[in-house]
Amino acid sequence: MTTLKNQLRRQALQAGFSAIGVAKCEPVDEEWVRSYGEWLQQGYAAGMEYLHNYPDLRSDAALLLPGARSVISLALNYYHAAEGSAEASLAMYAHGDDYHEVARAMMRPLTELLAAHGYGARICVDTAPVRERYWALKSGVAFAGRNGLAIVPEVGSFCFLCEIITDAPLEPDEPLGYQCRGCDRCVKACPGNAIMEGGRVDARRCHSYLSIEHRGEMPEGTELRMLYGCDVCQKVCPHNKDIPETTIKEFHLREGLRHLTIGEVEMMTQEQFSTLCRHSAVKRAKLAGLQRNLRYLRKPSS
């Protein structure tokens, strides 16, 4: 089984994944389950009602694949130096193609390799009720940041996390000994003061949530830094200094977003939006969401 694990690792890294690790597929630690339940009860999930669904699956990934024995966690770097539009900026993860589609296509050869050895597998890319950060930490792919993000050593937090649940009995990796530096730069820089103790985030004040997931008007006094999403806590993080750029061309900045203006967004039709955001994660906010966000963008003079 060590040979299969090495083959998976080699193939994943050659395909462009930044890190890969394995954890035993077993119920999530009780402390994580309790903490998540408290987070939900206190209303920190805001309007994301779907996060209350499937508590059994979130607590036991084995329920997603009968006979599951291992969880393969993968990190996919999307960082690049291009800043994009100065006045209608989008979070970096949305500069390129939809990561759900890109990551899934990159993971299929891994499941095919498992199938060739007689094992079943299920791909999870931020759609199934799986605790991505938990498994990234458990498998030694990343460590937890003060802002709640998973930080991959020497790669940083500008990474997508995805998993393969399999019935292959792969040897587990050890969690990392690394820790967040605790500088609190992310806490101080967060424009919504959303980062709390214990790496938890209050979505009701998080600009990423407000500009993407939230429906309706913003809370009074909201001044967005970006048209879509928010990268502030990542940009100030020392773990993201001098990190490598992604080798995945699909994640590079789309030409249509490079000089996007507020005026263009304001006058954009649904047809133009659909063309601009084809195979893009920006579709999540919809055109109405982007045009609403315009009213809350912080003025340049402030």
# chains A, B, ... in the order shown; residues from 1 in each chain; ligands from 1

call {"tool": "residues_around", "arguments": {"residues": "Ser139 in chain A", "least_positions_apart": "6", "cutoff": "7 Å", "atoms": "only C-alpha atoms", "output": "PyMOL selection string"}}
result
chain A and resi 21-23+73+172-175

call {"tool": "residues_around", "arguments": {"residues": "Ser211 in chain A", "least_positions_apart": "3", "cutoff": "10 Å", "atoms": "only C-alpha atoms", "output": "list in words"}}
result
Cys206, His207, Ser208, His214, Arg215, Met218, Leu224, Arg225, Met226, Leu227, Tyr228, Gly229, Cys230, Ala285, Gly289, Leu290, Arg292, Asn293, Leu294 and Tyr296 of chain A

call {"tool": "residues_around", "arguments": {"residues": "range 51-58 of chain A", "least_positions_apart": "4", "cutoff": "8 Å", "atoms": "only C-alpha atoms", "output": "list in words"}}
result
Val28, Leu40, Ala45, Ala62, Leu63, Leu64, Pro129, Val130 and Arg131 of chain A

call {"tool": "select_by_dssp", "arguments": {"residues": "range 143-206 of chain A", "states": "strand (DSSP E)", "output": "list in words"}}
result
Phe143, Ala144, Ala150, Ile151, Cys159, Phe160, Leu161, Cys162, Glu163, Ile164, Ile165 and Thr166 of chain A

call {"tool": "closest_residue", "arguments": {"among": "A:Ala142, A:Ile151, A:Leu74, A:Leu65", "to": "Asp126 in chain A", "atoms": "only C-alpha atoms"}}
result
A:Leu74

call {"tool": "residues_around", "arguments": {"residues": "Glu83 in chain A", "least_positions_apart": "5", "cutoff": "8 Å", "atoms": "only C-alpha atoms", "output": "list of chain:residue names"}}
result
A:Ser89, A:Met92, A:Arg258

call {"tool": "atom_distance", "arguments": {"atom1": "CA of Glu264 in chain A", "atom2": "CA of Thr222 in chain A"}}
result
22.4 Å

call {"tool": "closest_residue", "arguments": {"among": "A:Ala105, A:Ala88, A:Ala94, A:Ala82", "to": "Ala15 in chain A", "atoms": "only C-alpha atoms"}}
result
A:Ala105

call {"tool": "residues_around", "arguments": {"residues": "Leu4 in chain A", "least_positions_apart": "3", "cutoff": "10 Å", "atoms": "only C-alpha atoms", "output": "VMD selection string"}}
result
chain A and resid 1 7 to 10 113 to 114 117 168 170 to 171

call {"tool": "write_last_selection", "arguments": {"atoms": "N, CA and C atoms", "output": "PDB file, in the first residue's frame"}}
result
ATOM      1  N   MET A   1       0.821  -1.211   0.000  1.00  0.00           N
ATOM      2  CA  MET A   1       0.000   0.000   0.000  1.00  0.00           C
ATOM      3  C   MET A   1       0.860   1.269   0.000  1.00  0.00           C
ATOM      4  N   GLN A   7       2.660   6.505  -5.438  1.00  0.00           N
ATOM      5  CA  GLN A   7       2.194   6.777  -6.798  1.00  0.00           C
ATOM      6  C   GLN A   7       1.190   7.918  -6.804  1.00  0.00           C
ATOM      7  N   LEU A   8       0.281   7.919  -5.843  1.00  0.00           N
ATOM      8  CA  LEU A   8      -0.710   8.986  -5.736  1.00  0.00           C
ATOM      9  C   LEU A   8      -0.037  10.328  -5.473  1.00  0.00           C
ATOM     10  N   ARG A   9       0.931  10.320  -4.565  1.00  0.00           N
ATOM     11  CA  ARG A   9       1.641  11.552  -4.234  1.00  0.00           C
ATOM     12  C   ARG A   9       2.397  12.089  -5.448  1.00  0.00           C
ATOM     13  N   ARG A  10       3.104  11.221  -6.106  1.00  0.00           N
ATOM     14  CA  ARG A  10       3.879  11.641  -7.271  1.00  0.00           C
ATOM     15  C   ARG A  10       2.961  12.185  -8.372  1.00  0.00           C
ATOM     16  N   LEU A 113      -6.438   5.976 -10.833  1.00  0.00           N
ATOM     17  CA  LEU A 113      -5.332   5.168 -10.322  1.00  0.00           C
ATOM     18  C   LEU A 113      -5.812   4.264  -9.192  1.00  0.00           C
ATOM     19  N   LEU A 114      -6.640   4.805  -8.313  1.00  0.00           N
ATOM     20  CA  LEU A 114      -7.199   3.991  -7.236  1.00  0.00           C
ATOM     21  C   LEU A 114      -8.068   2.869  -7.800  1.00  0.00           C
ATOM     22  N   HIS A 117      -6.322  -0.120  -9.032  1.00  0.00           N
ATOM     23  CA  HIS A 117      -5.867  -1.027  -7.973  1.00  0.00           C
ATOM     24  C   HIS A 117      -7.052  -1.680  -7.253  1.00  0.00           C
ATOM     25  N   ALA A 168      -9.405   2.587   0.071  1.00  0.00           N
ATOM     26  CA  ALA A 168      -8.021   2.088   0.099  1.00  0.00           C
ATOM     27  C   ALA A 168      -7.422   2.335   1.484  1.00  0.00           C
ATOM     28  N   LEU A 170      -4.761   3.382   3.037  1.00  0.00           N
ATOM     29  CA  LEU A 170      -3.478   4.068   2.896  1.00  0.00           C
ATOM     30  C   LEU A 170      -2.903   4.448   4.253  1.00  0.00           C
ATOM     31  N   GLU A 171      -1.597   4.455   4.341  1.00  0.00           N
ATOM     32  CA  GLU A 171      -0.938   4.801   5.604  1.00  0.00           C
ATOM     33  C   GLU A 171      -1.145   6.290   5.902  1.00  0.00           C
TER      34      GLU A 171
END

call {"tool": "residues_around", "arguments": {"residues": "Arg146 in chain A", "least_positions_apart": "3", "cutoff": "8 Å", "atoms": "only C-alpha atoms", "output": "PDB file with N, CA, C and O atoms, in the first residue's frame"}}
result
ATOM      1  N   LEU A 149      -8.113  30.163   8.327  1.00  0.00           N
ATOM      2  CA  LEU A 149      -7.735  29.543   7.071  1.00  0.00           C
ATOM      3  C   LEU A 149      -6.670  28.468   7.287  1.00  0.00           C
ATOM      4  O   LEU A 149      -5.941  28.504   8.280  1.00  0.00           O
ATOM      5  N   CYS A 180       0.582  28.876  13.612  1.00  0.00           N
ATOM      6  CA  CYS A 180       0.444  30.266  13.213  1.00  0.00           C
ATOM      7  C   CYS A 180       1.344  31.110  14.113  1.00  0.00           C
ATOM      8  O   CYS A 180       1.510  30.818  15.304  1.00  0.00           O
ATOM      9  N   GLY A 182       0.889  33.929  15.305  1.00  0.00           N
ATOM     10  CA  GLY A 182       0.157  34.662  16.328  1.00  0.00           C
ATOM     11  C   GLY A 182       0.423  36.150  16.337  1.00  0.00           C
ATOM     12  O   GLY A 182       0.316  36.806  17.383  1.00  0.00           O
ATOM     13  N   ASP A 184      -1.338  38.408  14.951  1.00  0.00           N
ATOM     14  CA  ASP A 184      -2.632  39.101  14.959  1.00  0.00           C
ATOM     15  C   ASP A 184      -2.766  40.159  13.874  1.00  0.00           C
ATOM     16  O   ASP A 184      -3.642  41.023  13.951  1.00  0.00           O
ATOM     17  N   CYS A 186      -3.836  39.705  10.886  1.00  0.00           N
ATOM     18  CA  CYS A 186      -5.122  39.475  10.221  1.00  0.00           C
ATOM     19  C   CYS A 186      -6.269  40.034  11.052  1.00  0.00           C
ATOM     20  O   CYS A 186      -7.225  40.608  10.513  1.00  0.00           O
ATOM     21  N   VAL A 187      -6.176  39.873  12.374  1.00  0.00           N
ATOM     22  CA  VAL A 187      -7.229  40.360  13.266  1.00  0.00           C
ATOM     23  C   VAL A 187      -7.336  41.875  13.184  1.00  0.00           C
ATOM     24  O   VAL A 187      -8.430  42.439  13.057  1.00  0.00           O
ATOM     25  N   ILE A 195     -12.802  38.462  12.809  1.00  0.00           N
ATOM     26  CA  ILE A 195     -11.975  37.351  13.288  1.00  0.00           C
ATOM     27  C   ILE A 195     -11.974  37.308  14.811  1.00  0.00           C
ATOM     28  O   ILE A 195     -11.595  38.278  15.469  1.00  0.00           O
ATOM     29  N   GLU A 197     -11.516  34.793  18.606  1.00  0.00           N
ATOM     30  CA  GLU A 197     -10.567  33.876  19.218  1.00  0.00           C
ATOM     31  C   GLU A 197     -10.771  32.463  18.671  1.00  0.00           C
ATOM     32  O   GLU A 197     -11.846  32.106  18.204  1.00  0.00           O
ATOM     33  N   GLY A 198      -9.717  31.672  18.725  1.00  0.00           N
ATOM     34  CA  GLY A 198      -9.815  30.275  18.331  1.00  0.00           C
ATOM     35  C   GLY A 198      -9.934  30.046  16.844  1.00  0.00           C
ATOM     36  O   GLY A 198     -10.401  28.987  16.414  1.00  0.00           O
ATOM     37  N   GLY A 199      -9.518  31.030  16.044  1.00  0.00           N
ATOM     38  CA  GLY A 199      -9.576  30.860  14.606  1.00  0.00           C
ATOM     39  C   GLY A 199     -10.988  30.832  14.046  1.00  0.00           C
ATOM     40  O   GLY A 199     -11.231  30.296  12.961  1.00  0.00           O
TER      41      GLY A 199
END

call {"tool": "closest_residue", "arguments": {"among": "A:Thr261, A:Asn77, A:Gln42, A:Ser85", "to": "Val102 in chain A", "atoms": "only C-alpha atoms"}}
result
A:Asn77

call {"tool": "residues_around", "arguments": {"residues": "range 276-281 of chain A", "least_positions_apart": "3", "cutoff": "8 Å", "atoms": "only C-alpha atoms", "output": "number ranges by chain"}}
result
A: 94, 96-99, 101, 256, 272-273, 284

call {"tool": "write_last_selection", "arguments": {"atoms": "N, CA and C atoms", "output": "tab-separated table (two decimals), in the first residue's frame"}}
result
chain	number	residue	atom	x	y	z
A	94	ALA	N	-11.19	34.19	-7.45
A	94	ALA	CA	-12.18	34.32	-8.52
A	94	ALA	C	-11.60	34.94	-9.78
A	96	GLY	N	-9.70	33.53	-12.01
A	96	GLY	CA	-9.62	32.58	-13.11
A	96	GLY	C	-10.87	31.73	-13.24
A	97	ASP	N	-10.70	30.50	-13.69
A	97	ASP	CA	-11.83	29.59	-13.88
A	97	ASP	C	-12.32	29.03	-12.55
A	98	ASP	N	-13.54	28.59	-12.55
A	98	ASP	CA	-14.17	28.03	-11.36
A	98	ASP	C	-13.34	26.86	-10.83
A	99	TYR	N	-12.88	26.98	-9.60
A	99	TYR	CA	-12.00	25.96	-9.03
A	99	TYR	C	-12.69	24.62	-8.87
A	101	GLU	N	-14.54	23.12	-11.03
A	101	GLU	CA	-14.37	22.41	-12.29
A	101	GLU	C	-12.91	22.02	-12.50
A	256	GLY	N	-10.62	39.84	-19.23
A	256	GLY	CA	-11.82	40.65	-19.09
A	256	GLY	C	-11.97	41.29	-17.72
A	272	GLN	N	-24.10	40.04	-20.74
A	272	GLN	CA	-22.69	40.41	-20.60
A	272	GLN	C	-22.08	39.75	-19.38
A	273	PHE	N	-22.83	39.71	-18.29
A	273	PHE	CA	-22.36	39.07	-17.06
A	273	PHE	C	-22.11	37.58	-17.29
A	284	ARG	N	-21.53	32.95	-8.35
A	284	ARG	CA	-22.15	32.71	-7.05
A	284	ARG	C	-22.89	33.94	-6.54

call {"tool": "closest_residue", "arguments": {"among": "A:Gly84, A:Pro66, A:Gly118, A:Gly156", "to": "Val236 in chain A", "atoms": "only C-alpha atoms"}}
result
A:Gly156

call {"tool": "atom_distance", "arguments": {"atom1": "CA of Lys283 in chain A", "atom2": "CA of Arg133 in chain A"}}
result
23.9 Å

call {"tool": "select_by_dssp", "arguments": {"residues": "range 22-183 of chain A", "states": "alpha helix (DSSP H)", "output": "PyMOL selection string"}}
result
chain A and resi 30-41+55-59+99-116+132-138
